[in-house]
Amino acid sequence: MKNLPLLLISLLLSLSLSSQAAPISHEPPYKVLATVHPLALMAASLVETEQLSVLLPPGMTPHDFSLRPSDIDVIQSADVIIWSGAQAEPYLSGFARRWPDKIWIDVSQLRAEGQPNDGHWWFSPAMMVRAQQQLANALELPAGNFAADVDAALQRAEQLLAPLRSRGFFVFHRAYDHWVQAMQLNQVGAFTLSPEQKPGMKTLQRMRDQLTSGEVVCVFSEPEFSPALVQSVVRGLDVKQGELDPVASHISVTKTGYPDFIQDLSQRFATCLSPD
Ligand SMILES: [Zn+2]
């Protein structure tokens, strides 16, 4: 009996320690966090919108994002995090190491050999099909019609864009290489590599020459940036203009969000590249 207090103390101590170490709820339904809107479009094929959140505010790209304290709570409360990898989203790599008990789906790991090293992975439909399969495995859910729906959207894109493959165009920033490669389109150049860099006079003059020669028939701007730069380069020339949103803010997060995004993207390219 002399040992009882000691036993009690050690029992209480172990209880308090185990309650401290208790993980946040891992009972389904799981909370899924997509870092950017287009990754949420893919995830919504499997996850109810109430269980799905997006880290970056609408319209924001990883280029201009940094974490706020409230974002850390959002990351901590998620069970599954879908992100673009340490190179495109360096602000998350520390958390991926700190919380290894969460499921981290690093989309950059799903690229094929020869895939351009461009962190806008959601413009690669093949990678999004692989990411959705990985998410389905993580959630222990069937992958459903996602791959078939993406394939159908790609077949329509193929029909629209195959006759327009030789038509040259400029994009605003280098975000679309995966799509350009998948659809074998003729991207002649971009105003800037990433939106925070402004093009120099030499680049703008070369672009103006390419437009004048007829090598480029369409120029895309982006909704986040003033079209003034694009306007100044195309002024007085008979060139079509379109708009591409690299984070697809105008596409709703629904079960078919990602195939809808592919459909919308194909239509935007077809409209701008077609001769009439
Ligand atoms: Zn970008």
# chains A, B, ... in the order shown; residues from 1 in each chain; ligands from 1
>>> residues_around(residues="range 63-72 of chain A", least_positions_apart="6", cutoff="8 Å", atoms="only C-alpha atoms", output="PyMOL selection string")
chain A and resi 55-56+91+194-196
>>> write_last_selection(atoms="N, CA, C and O atoms", output="PDB file, in the first residue's frame")
ATOM      1  N   LEU A  55      -6.855  27.324 -49.390  1.00  0.00           N
ATOM      2  CA  LEU A  55      -5.962  28.159 -48.583  1.00  0.00           C
ATOM      3  C   LEU A  55      -5.828  29.576 -49.139  1.00  0.00           C
ATOM      4  O   LEU A  55      -5.961  30.555 -48.412  1.00  0.00           O
ATOM      5  N   LEU A  56      -5.542  29.706 -50.421  1.00  0.00           N
ATOM      6  CA  LEU A  56      -5.277  31.035 -50.986  1.00  0.00           C
ATOM      7  C   LEU A  56      -6.594  31.771 -51.244  1.00  0.00           C
ATOM      8  O   LEU A  56      -7.544  31.173 -51.748  1.00  0.00           O
ATOM      9  N   TYR A  91       6.114  28.179 -48.813  1.00  0.00           N
ATOM     10  CA  TYR A  91       5.543  28.500 -47.496  1.00  0.00           C
ATOM     11  C   TYR A  91       4.932  27.288 -46.798  1.00  0.00           C
ATOM     12  O   TYR A  91       4.576  27.362 -45.642  1.00  0.00           O
ATOM     13  N   SER A 194       6.951  35.525 -64.605  1.00  0.00           N
ATOM     14  CA  SER A 194       6.013  35.504 -63.486  1.00  0.00           C
ATOM     15  C   SER A 194       5.502  36.924 -63.310  1.00  0.00           C
ATOM     16  O   SER A 194       6.192  37.891 -63.635  1.00  0.00           O
ATOM     17  N   PRO A 195       4.256  37.072 -62.812  1.00  0.00           N
ATOM     18  CA  PRO A 195       3.565  38.360 -62.891  1.00  0.00           C
ATOM     19  C   PRO A 195       4.278  39.519 -62.201  1.00  0.00           C
ATOM     20  O   PRO A 195       4.062  40.670 -62.558  1.00  0.00           O
ATOM     21  N   GLU A 196       5.144  39.223 -61.202  1.00  0.00           N
ATOM     22  CA  GLU A 196       5.777  40.349 -60.498  1.00  0.00           C
ATOM     23  C   GLU A 196       6.938  40.959 -61.299  1.00  0.00           C
ATOM     24  O   GLU A 196       7.455  42.002 -60.959  1.00  0.00           O
TER      25      GLU A 196
END
>>> select_by_dssp(residues="range 5-216 of chain A", states="alpha helix (DSSP H)", output="count of residues only")
88
>>> residues_around(residues="range 225-242 of chain A", least_positions_apart="6", cutoff="9 Å", atoms="only C-alpha atoms", output="list in words")
Phe172, Phe191, Pro195, Leu204, Gln205, Met207, Arg208, Leu211, Thr212, Gly214, Val216, Val217, Cys218, Val219, Arg268, Phe269, Thr271, Cys272, Leu273 and Pro275 of chain A
>>> closest_atom_pairs(of="range 40-83 of chain A", to="range 114-121 of chain A", cutoff="12 Å", atoms="only C-alpha atoms", output="CSV")
residue,atom,partner,partner_atom,distance
A:Met42,CA,A:Trp121,CA,11.6
A:Thr61,CA,A:His120,CA,9.6
A:Pro62,CA,A:Gly119,CA,9.2
A:His63,CA,A:Gly119,CA,10.2
A:Ile82,CA,A:Trp121,CA,11.7
A:Trp83,CA,A:Trp121,CA,9.8
>>> atom_distance(atom1="CA of Asp260 in chain A", atom2="CA of Asp149 in chain A")
9.3 Å
>>> residues_around(residues="Gly59 in chain A", least_positions_apart="5", cutoff="10 Å", atoms="only C-alpha atoms", output="list of chain:residue names")
A:Val36, A:His37, A:Pro223, A:Glu224, A:Asp245, A:Pro246, A:Val247, A:Ala248, A:Ser249, A:His250
>>> closest_residue(among="A:Asp177, A:Glu113, A:Asp276, A:Glu158", to="ligand 1", atoms="only C-alpha atoms and all ligand atoms")
A:Asp177
>>> residues_around(residues="Gly85 in chain A", least_positions_apart="5", cutoff="10 Å", atoms="only C-alpha atoms", output="list in words")
Pro90, Tyr91, Leu92, Ser93, Ala96, Trp104, Ile105, Asp106, Val107, Ser108, Gln109, Gly119 and Trp121 of chain A
>>> select_by_dssp(residues="range 41-215 of chain A", states="strand (DSSP E or B)", output="list in words")
Leu52, Ser53, Val54, Val80, Ile81, Ile82, Trp83, Ile103, Trp104, Ile105, Asp106, Gly168, Phe169, Phe170, Val171, Phe172, His173, Asn186, Gln187, Val188, Gly189, Ala190, Phe191 and Thr192 of chain A
>>> closest_residue(among="A:Ile262, A:Ile103, A:Ala44, A:Ala270", to="Ala162 in chain A", atoms="only C-alpha atoms")
A:Ala270
>>> atom_distance(atom1="CA of Phe146 in chain A", atom2="CA of Ser45 in chain A")
6.7 Å
>>> closest_residue(among="A:Ala40, A:Leu185, A:Val47, A:Met60", to="ligand 1", atoms="only C-alpha atoms and all ligand atoms")
A:Met60
>>> closest_residue(among="A:Arg174, A:Lys255, A:Arg165, A:Arg206", to="ligand 1", atoms="only C-alpha atoms and all ligand atoms")
A:Arg174
>>> atom_distance(atom1="CA of Leu160 in chain A", atom2="CA of Ala182 in chain A")
13.8 Å
>>> closest_residue(among="A:Asp151, A:Glu89, A:Glu140, A:Glu27", to="ligand 1", atoms="only C-alpha atoms and all ligand atoms")
A:Glu89
>>> closest_residue(among="A:Thr254, A:Asn137, A:Thr192, A:Ser221", to="ligand 1", atoms="only C-alpha atoms and all ligand atoms")
A:Thr192
>>> decode(residues="range 65-106 of chain A", atoms="N, CA and C atoms", output="PDB file, in the first residue's frame")
ATOM      1  N   PHE A  65       1.593  35.118 -52.609  1.00  0.00           N
ATOM      2  CA  PHE A  65       0.980  34.710 -51.347  1.00  0.00           C
ATOM      3  C   PHE A  65       2.015  34.508 -50.251  1.00  0.00           C
ATOM      4  N   SER A  66       1.683  34.951 -49.025  1.00  0.00           N
ATOM      5  CA  SER A  66       2.457  34.526 -47.863  1.00  0.00           C
ATOM      6  C   SER A  66       1.467  34.214 -46.750  1.00  0.00           C
ATOM      7  N   LEU A  67       1.834  33.307 -45.860  1.00  0.00           N
ATOM      8  CA  LEU A  67       0.906  32.809 -44.839  1.00  0.00           C
ATOM      9  C   LEU A  67       0.570  33.861 -43.793  1.00  0.00           C
ATOM     10  N   ARG A  68      -0.708  33.927 -43.411  1.00  0.00           N
ATOM     11  CA  ARG A  68      -1.134  34.738 -42.278  1.00  0.00           C
ATOM     12  C   ARG A  68      -1.336  33.786 -41.093  1.00  0.00           C
ATOM     13  N   PRO A  69      -1.328  34.312 -39.836  1.00  0.00           N
ATOM     14  CA  PRO A  69      -1.488  33.414 -38.676  1.00  0.00           C
ATOM     15  C   PRO A  69      -2.764  32.565 -38.766  1.00  0.00           C
ATOM     16  N   SER A  70      -3.858  33.125 -39.283  1.00  0.00           N
ATOM     17  CA  SER A  70      -5.110  32.361 -39.358  1.00  0.00           C
ATOM     18  C   SER A  70      -4.987  31.179 -40.337  1.00  0.00           C
ATOM     19  N   ASP A  71      -4.085  31.300 -41.321  1.00  0.00           N
ATOM     20  CA  ASP A  71      -3.891  30.202 -42.275  1.00  0.00           C
ATOM     21  C   ASP A  71      -3.301  28.975 -41.584  1.00  0.00           C
ATOM     22  N   ILE A  72      -2.483  29.223 -40.556  1.00  0.00           N
ATOM     23  CA  ILE A  72      -1.833  28.105 -39.864  1.00  0.00           C
ATOM     24  C   ILE A  72      -2.883  27.245 -39.163  1.00  0.00           C
ATOM     25  N   ASP A  73      -3.931  27.894 -38.592  1.00  0.00           N
ATOM     26  CA  ASP A  73      -5.041  27.134 -37.989  1.00  0.00           C
ATOM     27  C   ASP A  73      -5.750  26.289 -39.044  1.00  0.00           C
ATOM     28  N   VAL A  74      -5.937  26.877 -40.226  1.00  0.00           N
ATOM     29  CA  VAL A  74      -6.614  26.157 -41.322  1.00  0.00           C
ATOM     30  C   VAL A  74      -5.807  24.922 -41.713  1.00  0.00           C
ATOM     31  N   ILE A  75      -4.485  25.088 -41.816  1.00  0.00           N
ATOM     32  CA  ILE A  75      -3.625  23.959 -42.184  1.00  0.00           C
ATOM     33  C   ILE A  75      -3.670  22.892 -41.082  1.00  0.00           C
ATOM     34  N   GLN A  76      -3.612  23.369 -39.820  1.00  0.00           N
ATOM     35  CA  GLN A  76      -3.570  22.425 -38.702  1.00  0.00           C
ATOM     36  C   GLN A  76      -4.854  21.602 -38.595  1.00  0.00           C
ATOM     37  N   SER A  77      -5.986  22.201 -38.944  1.00  0.00           N
ATOM     38  CA  SER A  77      -7.257  21.480 -38.773  1.00  0.00           C
ATOM     39  C   SER A  77      -7.561  20.546 -39.950  1.00  0.00           C
ATOM     40  N   ALA A  78      -6.749  20.589 -41.020  1.00  0.00           N
ATOM     41  CA  ALA A  78      -7.008  19.729 -42.186  1.00  0.00           C
ATOM     42  C   ALA A  78      -6.437  18.336 -41.961  1.00  0.00           C
ATOM     43  N   ASP A  79      -7.094  17.316 -42.518  1.00  0.00           N
ATOM     44  CA  ASP A  79      -6.579  15.948 -42.472  1.00  0.00           C
ATOM     45  C   ASP A  79      -5.750  15.641 -43.719  1.00  0.00           C
ATOM     46  N   VAL A  80      -6.209  16.182 -44.859  1.00  0.00           N
ATOM     47  CA  VAL A  80      -5.537  15.930 -46.132  1.00  0.00           C
ATOM     48  C   VAL A  80      -5.238  17.286 -46.779  1.00  0.00           C
ATOM     49  N   ILE A  81      -4.013  17.477 -47.237  1.00  0.00           N
ATOM     50  CA  ILE A  81      -3.633  18.739 -47.872  1.00  0.00           C
ATOM     51  C   ILE A  81      -3.116  18.451 -49.282  1.00  0.00           C
ATOM     52  N   ILE A  82      -3.732  19.101 -50.258  1.00  0.00           N
ATOM     53  CA  ILE A  82      -3.296  18.949 -51.652  1.00  0.00           C
ATOM     54  C   ILE A  82      -2.557  20.223 -52.025  1.00  0.00           C
ATOM     55  N   TRP A  83      -1.295  20.080 -52.406  1.00  0.00           N
ATOM     56  CA  TRP A  83      -0.492  21.279 -52.691  1.00  0.00           C
ATOM     57  C   TRP A  83       0.398  21.059 -53.892  1.00  0.00           C
ATOM     58  N   SER A  84       1.105  22.127 -54.309  1.00  0.00           N
ATOM     59  CA  SER A  84       1.875  22.089 -55.561  1.00  0.00           C
ATOM     60  C   SER A  84       3.353  21.769 -55.368  1.00  0.00           C
ATOM     61  N   GLY A  85       3.755  21.454 -54.127  1.00  0.00           N
ATOM     62  CA  GLY A  85       5.147  21.080 -53.883  1.00  0.00           C
ATOM     63  C   GLY A  85       5.996  22.254 -53.412  1.00  0.00           C
ATOM     64  N   ALA A  86       7.176  21.922 -52.861  1.00  0.00           N
ATOM     65  CA  ALA A  86       8.010  22.910 -52.177  1.00  0.00           C
ATOM     66  C   ALA A  86       8.520  24.019 -53.092  1.00  0.00           C
ATOM     67  N   GLN A  87       8.715  23.723 -54.368  1.00  0.00           N
ATOM     68  CA  GLN A  87       9.253  24.753 -55.256  1.00  0.00           C
ATOM     69  C   GLN A  87       8.204  25.825 -55.555  1.00  0.00           C
ATOM     70  N   ALA A  88       6.972  25.403 -55.850  1.00  0.00           N
ATOM     71  CA  ALA A  88       5.914  26.362 -56.169  1.00  0.00           C
ATOM     72  C   ALA A  88       5.316  26.985 -54.905  1.00  0.00           C
ATOM     73  N   GLU A  89       5.298  26.229 -53.808  1.00  0.00           N
ATOM     74  CA  GLU A  89       4.673  26.723 -52.578  1.00  0.00           C
ATOM     75  C   GLU A  89       5.608  26.524 -51.381  1.00  0.00           C
ATOM     76  N   PRO A  90       6.732  27.302 -51.376  1.00  0.00           N
ATOM     77  CA  PRO A  90       7.731  27.116 -50.313  1.00  0.00           C
ATOM     78  C   PRO A  90       7.171  27.368 -48.912  1.00  0.00           C
ATOM     79  N   TYR A  91       6.114  28.179 -48.813  1.00  0.00           N
ATOM     80  CA  TYR A  91       5.543  28.500 -47.496  1.00  0.00           C
ATOM     81  C   TYR A  91       4.932  27.288 -46.798  1.00  0.00           C
ATOM     82  N   LEU A  92       4.775  26.164 -47.509  1.00  0.00           N
ATOM     83  CA  LEU A  92       4.167  24.987 -46.874  1.00  0.00           C
ATOM     84  C   LEU A  92       5.162  23.898 -46.523  1.00  0.00           C
ATOM     85  N   SER A  93       6.405  23.979 -47.047  1.00  0.00           N
ATOM     86  CA  SER A  93       7.304  22.836 -46.874  1.00  0.00           C
ATOM     87  C   SER A  93       7.632  22.589 -45.401  1.00  0.00           C
ATOM     88  N   GLY A  94       7.752  23.643 -44.595  1.00  0.00           N
ATOM     89  CA  GLY A  94       8.017  23.480 -43.163  1.00  0.00           C
ATOM     90  C   GLY A  94       6.891  22.734 -42.459  1.00  0.00           C
ATOM     91  N   PHE A  95       5.649  23.031 -42.854  1.00  0.00           N
ATOM     92  CA  PHE A  95       4.492  22.381 -42.219  1.00  0.00           C
ATOM     93  C   PHE A  95       4.380  20.910 -42.630  1.00  0.00           C
ATOM     94  N   ALA A  96       4.774  20.622 -43.873  1.00  0.00           N
ATOM     95  CA  ALA A  96       4.731  19.229 -44.336  1.00  0.00           C
ATOM     96  C   ALA A  96       5.686  18.379 -43.495  1.00  0.00           C
ATOM     97  N   ARG A  97       6.817  18.975 -43.105  1.00  0.00           N
ATOM     98  CA  ARG A  97       7.765  18.250 -42.239  1.00  0.00           C
ATOM     99  C   ARG A  97       7.256  18.194 -40.806  1.00  0.00           C
ATOM    100  N   ARG A  98       6.609  19.292 -40.350  1.00  0.00           N
ATOM    101  CA  ARG A  98       6.194  19.414 -38.953  1.00  0.00           C
ATOM    102  C   ARG A  98       5.015  18.513 -38.626  1.00  0.00           C
ATOM    103  N   TRP A  99       4.125  18.299 -39.611  1.00  0.00           N
ATOM    104  CA  TRP A  99       2.916  17.500 -39.366  1.00  0.00           C
ATOM    105  C   TRP A  99       2.853  16.314 -40.328  1.00  0.00           C
ATOM    106  N   PRO A 100       3.770  15.343 -40.132  1.00  0.00           N
ATOM    107  CA  PRO A 100       3.818  14.210 -41.069  1.00  0.00           C
ATOM    108  C   PRO A 100       2.624  13.260 -40.913  1.00  0.00           C
ATOM    109  N   ASP A 101       1.844  13.412 -39.803  1.00  0.00           N
ATOM    110  CA  ASP A 101       0.684  12.521 -39.624  1.00  0.00           C
ATOM    111  C   ASP A 101      -0.490  12.924 -40.510  1.00  0.00           C
ATOM    112  N   LYS A 102      -0.420  14.107 -41.102  1.00  0.00           N
ATOM    113  CA  LYS A 102      -1.442  14.482 -42.086  1.00  0.00           C
ATOM    114  C   LYS A 102      -1.093  13.839 -43.423  1.00  0.00           C
ATOM    115  N   ILE A 103      -2.083  13.729 -44.285  1.00  0.00           N
ATOM    116  CA  ILE A 103      -1.794  13.204 -45.625  1.00  0.00           C
ATOM    117  C   ILE A 103      -1.505  14.395 -46.530  1.00  0.00           C
ATOM    118  N   TRP A 104      -0.292  14.457 -47.049  1.00  0.00           N
ATOM    119  CA  TRP A 104       0.129  15.551 -47.937  1.00  0.00           C
ATOM    120  C   TRP A 104       0.181  15.014 -49.356  1.00  0.00           C
ATOM    121  N   ILE A 105      -0.660  15.530 -50.232  1.00  0.00           N
ATOM    122  CA  ILE A 105      -0.613  15.113 -51.636  1.00  0.00           C
ATOM    123  C   ILE A 105       0.138  16.195 -52.415  1.00  0.00           C
ATOM    124  N   ASP A 106       1.400  15.903 -52.711  1.00  0.00           N
ATOM    125  CA  ASP A 106       2.254  16.853 -53.422  1.00  0.00           C
ATOM    126  C   ASP A 106       2.103  16.547 -54.918  1.00  0.00           C
TER     127      ASP A 106
END
